[in-house]
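Enquirer: Have a look at this one.
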Amino acid sequence: VAWRTSVAAVEELAPQLAALAARPDLGPSERFVAELVQALIDVRLRRPDAPDVVAGLLAGFPQSPLAADPALTQLAAMGAVVLVEPELVRPLARASLSRTDLDDVTRGRLLHVVSLSDAWSGDLVRGHLGLREARELARRAELLPIEAEVTCLLAKVEALRGELDAAKAHLDEGRELGARAGSEWIAGGHLECALSLHQAAGDEDAYAALLALAVRTGTGVDSGLLWEYRYEQATALAQAGDSRGARRLLAETPPAPPELAGATVLPAWRDWLLDPDDDSRAAALERAADRLTRPVEQLLKARLAWLLGHRYAARGRRVDAIRLLESAAQRYAAIGALGLLVRVRDELRRLTPDAARDDAQRHTPADLAQLTE
């Protein structure tokens, strides 16, 4: 509860946890909870050594007997999410997920966070499968808020995977479930899921409209995408010739926290947007994108190659455009983002002399999706 409240509320909780952790009679489970929650609060308060404390507590968890406790596993998973290392969640949850005596409620909650983390860390195929199961478990257990959230997340992953009809249906269903649950938290995620759907569908007007809405409402604080949305809108403005609007938006955007996924590339992205036709700035952004190595950064890495390739194509720089668009296509294929792969491939086809012949042999996103099932 304290995690999503004010700093003042968190500070009120901290002394109580410190006193609890100091008690000599705590068992291993209670001590793990007290120490990890204290460390997560310290991260919230931006104490510099807190992330290392969280990482240390999580390091030995998968081999510990504590890992078989689903409640402790969910707390450990929160720690990995706070560290922006969702690739750690599945190993942390392996022991609990392997249990055969979990009820639908417990398994559904676990699978929700594990599958979301799979998709977030660049494994869209596994994340897609897990979210489908988590949705059914939440429905059977009558966990309406979780069913609503998972259904919308499923729509986002399906959009990225190129399954656009399923994504549209699940986005509508998720909105209806969210309205029944009456949750502002869930409603806030609908916009982000719809953004991915319009991007994958190639509906530039709808994507631009929702991107502007996301920026105006400050969407993306919880997902960590607030800065990416602002830079995406600045890119759209710059590509449309509104350099003044792009500069104004960038000037209004505060520096990103250094631990944010993708934060290292933002200065180069900003410089490029100030003059998108400057070759040295484009090259600097390409080099910065190549240094995005964390699993959670791979979707952004592919997107930046796509944006750079698109700009080179608009300038008539065919060789550079093909090189970067092929790089984006390869990266999208690696993480299972078939919907975005199709968009990039369409741009590549317009740059190749045999595009008309390829058009007759073109696969649909659904065709491509079947190849990875």
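Starting from 1 in every chain, residues are counted up; chains themselves are A, B, ... following the order of the structure tokens, and ligands are numbered from 1 as listed.
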I'd like the neighbourhood of region 264-274 of chain A as number ranges by chain, where a residue qualifies if any of its atoms comes within 8 Å (using only C-alpha atoms), though same-chain residues fewer than 3 positions away should be ignored.

Expert: A: 231, 234-235, 238, 243, 246-247, 250, 258, 261, 278, 281-282, 284-285, 288-289, 292

Enquirer: May I have the selected residues written with all heavy atoms, as a tab-separated table (two decimals), in the first residue's frame?

Expert:
```
chain	number	residue	atom	x	y	z
A	231	TYR	N	9.39	11.61	-26.02
A	231	TYR	CA	10.36	11.63	-27.11
A	231	TYR	C	9.73	11.12	-28.41
A	231	TYR	O	10.08	11.59	-29.50
A	231	TYR	CB	11.59	10.81	-26.73
A	231	TYR	CG	12.61	11.60	-25.93
A	231	TYR	CD1	12.35	11.97	-24.61
A	231	TYR	CD2	13.82	11.99	-26.48
A	231	TYR	CE1	13.26	12.70	-23.87
A	231	TYR	CE2	14.74	12.72	-25.76
A	231	TYR	CZ	14.46	13.07	-24.45
A	231	TYR	OH	15.37	13.80	-23.72
A	234	ALA	N	7.83	14.09	-29.71
A	234	ALA	CA	8.77	15.06	-30.27
A	234	ALA	C	9.29	14.59	-31.62
A	234	ALA	O	9.48	15.39	-32.56
A	234	ALA	CB	9.93	15.28	-29.30
A	235	THR	N	9.51	13.28	-31.76
A	235	THR	CA	9.95	12.72	-33.04
A	235	THR	C	8.89	12.92	-34.11
A	235	THR	O	9.18	13.32	-35.24
A	235	THR	CB	10.27	11.23	-32.90
A	235	THR	OG1	11.29	11.04	-31.91
A	235	THR	CG2	10.75	10.64	-34.22
A	238	ALA	N	8.90	16.51	-35.16
A	238	ALA	CA	10.07	16.83	-35.99
A	238	ALA	C	9.94	16.24	-37.39
A	238	ALA	O	10.25	16.90	-38.39
A	238	ALA	CB	11.34	16.32	-35.31
A	243	SER	N	9.53	21.69	-36.12
A	243	SER	CA	10.72	21.67	-35.27
A	243	SER	C	10.52	22.52	-34.02
A	243	SER	O	11.06	22.20	-32.95
A	243	SER	CB	11.93	22.17	-36.05
A	243	SER	OG	11.71	23.48	-36.53
A	246	ALA	N	8.65	20.40	-31.51
A	246	ALA	CA	9.52	19.37	-30.97
A	246	ALA	C	10.48	19.95	-29.93
A	246	ALA	O	10.68	19.37	-28.85
A	246	ALA	CB	10.30	18.69	-32.10
A	247	ARG	N	11.06	21.11	-30.25
A	247	ARG	CA	11.99	21.74	-29.31
A	247	ARG	C	11.29	22.15	-28.02
A	247	ARG	O	11.84	22.01	-26.93
A	247	ARG	CB	12.63	22.97	-29.97
A	247	ARG	CG	13.64	22.62	-31.05
A	247	ARG	CD	14.08	23.88	-31.80
A	247	ARG	NE	15.03	23.58	-32.86
A	247	ARG	CZ	16.34	23.60	-32.72
A	247	ARG	NH1	16.86	23.94	-31.55
A	247	ARG	NH2	17.13	23.30	-33.73
A	250	LEU	N	10.67	19.05	-25.90
A	250	LEU	CA	11.91	18.57	-25.29
A	250	LEU	C	12.36	19.48	-24.16
A	250	LEU	O	12.87	19.00	-23.13
A	250	LEU	CB	13.01	18.49	-26.37
A	250	LEU	CG	12.82	17.41	-27.42
A	250	LEU	CD1	13.85	17.57	-28.54
A	250	LEU	CD2	12.92	16.02	-26.81
A	258	PRO	N	18.44	8.15	-13.88
A	258	PRO	CA	19.51	7.37	-14.52
A	258	PRO	C	19.25	5.87	-14.56
A	258	PRO	O	19.73	5.18	-15.44
A	258	PRO	CB	20.75	7.70	-13.70
A	258	PRO	CG	20.24	8.24	-12.40
A	258	PRO	CD	18.94	8.90	-12.72
A	261	ALA	N	15.08	2.37	-17.70
A	261	ALA	CA	15.46	1.64	-18.92
A	261	ALA	C	15.44	2.59	-20.10
A	261	ALA	O	14.47	3.31	-20.32
A	261	ALA	CB	14.48	0.49	-19.15
A	278	ASP	N	21.10	15.97	-39.61
A	278	ASP	CA	22.53	16.07	-39.34
A	278	ASP	C	23.10	14.65	-39.21
A	278	ASP	O	22.73	13.90	-38.31
A	278	ASP	CB	22.76	16.86	-38.05
A	278	ASP	CG	24.23	17.08	-37.75
A	278	ASP	OD1	24.97	16.09	-37.55
A	278	ASP	OD2	24.66	18.25	-37.73
A	281	ARG	N	24.76	13.65	-35.82
A	281	ARG	CA	23.80	13.42	-34.74
A	281	ARG	C	23.11	12.07	-34.93
A	281	ARG	O	22.86	11.35	-33.95
A	281	ARG	CB	22.77	14.54	-34.69
A	281	ARG	CG	23.35	15.90	-34.28
A	281	ARG	CD	22.30	16.99	-34.42
A	281	ARG	NE	22.88	18.31	-34.24
A	281	ARG	CZ	22.60	19.14	-33.24
A	281	ARG	NH1	21.73	18.76	-32.32
A	281	ARG	NH2	23.17	20.32	-33.15
A	282	ALA	N	22.77	11.75	-36.16
A	282	ALA	CA	22.15	10.45	-36.44
A	282	ALA	C	23.10	9.31	-36.08
A	282	ALA	O	22.70	8.30	-35.50
A	282	ALA	CB	21.74	10.37	-37.90
A	284	ALA	N	25.52	9.41	-33.89
A	284	ALA	CA	25.65	9.35	-32.43
A	284	ALA	C	24.47	8.63	-31.81
A	284	ALA	O	24.63	7.84	-30.86
A	284	ALA	CB	25.78	10.76	-31.86
A	285	LEU	N	23.26	8.86	-32.33
A	285	LEU	CA	22.09	8.16	-31.81
A	285	LEU	C	22.17	6.67	-32.12
A	285	LEU	O	21.83	5.84	-31.28
A	285	LEU	CB	20.81	8.76	-32.42
A	285	LEU	CG	19.50	8.08	-32.02
A	285	LEU	CD1	19.34	8.01	-30.50
A	285	LEU	CD2	18.31	8.78	-32.65
A	288	ALA	N	24.53	5.16	-29.65
A	288	ALA	CA	23.91	5.09	-28.32
A	288	ALA	C	22.89	3.96	-28.26
A	288	ALA	O	22.80	3.24	-27.25
A	288	ALA	CB	23.26	6.43	-27.98
A	289	ALA	N	22.13	3.78	-29.33
A	289	ALA	CA	21.14	2.70	-29.36
A	289	ALA	C	21.82	1.33	-29.33
A	289	ALA	O	21.31	0.39	-28.71
A	289	ALA	CB	20.26	2.82	-30.60
A	292	LEU	N	22.34	-0.19	-25.93
A	292	LEU	CA	21.19	-0.64	-25.14
A	292	LEU	C	21.23	-2.17	-25.09
A	292	LEU	O	20.82	-2.84	-26.04
A	292	LEU	CB	19.88	-0.15	-25.75
A	292	LEU	CG	19.66	1.36	-25.77
A	292	LEU	CD1	18.39	1.70	-26.54
A	292	LEU	CD2	19.61	1.93	-24.36
```

Enquirer: So which residues of region 103-235 of chain A fall under alpha helix (DSSP H) by DSSP, listed as a ChimeraX atom specification?

Expert: /A:104-120,124-140,144-161,164-181,184-201,204-217,226-235

Enquirer: Any chance you could tabulate, as a Markdown table, the residues of region 290-334 of chain A at most 12 Å from region 219-229 of chain A with each one's nearest atom pair and distance in Å to one decimal, using only C-alpha atoms, in chain and rising number order?

Expert:
```
| residue | atom | partner | partner_atom | distance |
| --- | --- | --- | --- | --- |
| A:Val296 | CA | A:Gly224 | CA | 10.8 |
| A:Glu297 | CA | A:Leu225 | CA | 11.2 |
| A:Leu299 | CA | A:Glu228 | CA | 11.4 |
| A:Leu300 | CA | A:Glu228 | CA | 8.6 |
| A:Lys301 | CA | A:Glu228 | CA | 11.8 |
| A:Arg303 | CA | A:Glu228 | CA | 10.7 |
| A:Leu304 | CA | A:Glu228 | CA | 10.9 |
```

Enquirer: State, in Å with one decimal place, the distance from CA of Leu102 (chain A) to CA of Val157 (chain A).

Expert: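 Separating CA of Leu102 (chain A) from CA of Val157 (chain A) is a distance of 26.1 Å.
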
Enquirer: CA of Ala76 (chain A) and CA of Leu20 (chain A), how far apart in Å?

Expert: 18.6 Å

Enquirer: Can you list, as an NGL selection string, every protein, DNA or RNA residue that comes within 6 Å of Leu338 (chain A) when you count only C-alpha atoms, leaving out same-chain residues fewer than 2 positions away?

Expert: :A and (161-162 or 336 or 340-341)

Enquirer: Show me, as a PDB file with N, CA, C and O atoms, in the first residue's frame, the residues that have an atom within 8 Å of Leu137 (chain A) when counting only C-alpha atoms, minus same-chain residues fewer than 6 positions from it.

Expert:
```pdb
ATOM      1  N   ASP A 104      -6.361 -21.549  -7.974  1.00  0.00           N
ATOM      2  CA  ASP A 104      -6.422 -20.663  -9.135  1.00  0.00           C
ATOM      3  C   ASP A 104      -6.048 -19.224  -8.785  1.00  0.00           C
ATOM      4  O   ASP A 104      -5.411 -18.529  -9.584  1.00  0.00           O
ATOM      5  N   VAL A 105      -6.457 -18.777  -7.601  1.00  0.00           N
ATOM      6  CA  VAL A 105      -6.156 -17.404  -7.198  1.00  0.00           C
ATOM      7  C   VAL A 105      -4.648 -17.191  -7.117  1.00  0.00           C
ATOM      8  O   VAL A 105      -4.087 -16.247  -7.697  1.00  0.00           O
ATOM      9  N   ARG A 107      -2.104 -19.138  -8.261  1.00  0.00           N
ATOM     10  CA  ARG A 107      -1.404 -19.356  -9.528  1.00  0.00           C
ATOM     11  C   ARG A 107      -1.677 -18.218 -10.507  1.00  0.00           C
ATOM     12  O   ARG A 107      -0.785 -17.784 -11.234  1.00  0.00           O
ATOM     13  N   GLY A 108      -2.901 -17.724 -10.521  1.00  0.00           N
ATOM     14  CA  GLY A 108      -3.231 -16.620 -11.417  1.00  0.00           C
ATOM     15  C   GLY A 108      -2.440 -15.369 -11.095  1.00  0.00           C
ATOM     16  O   GLY A 108      -1.939 -14.692 -11.994  1.00  0.00           O
TER      17      GLY A 108
END
```

Enquirer: Please provide as a PyMOL selection string all residues within 12 Å of Arg216 (chain A), with the sequence filter that same-chain residues fewer than 2 positions apart are discarded (counting only C-alpha atoms).

Expert: chain A and resi 209-214+218-220+226+229-230+233+249+252-253
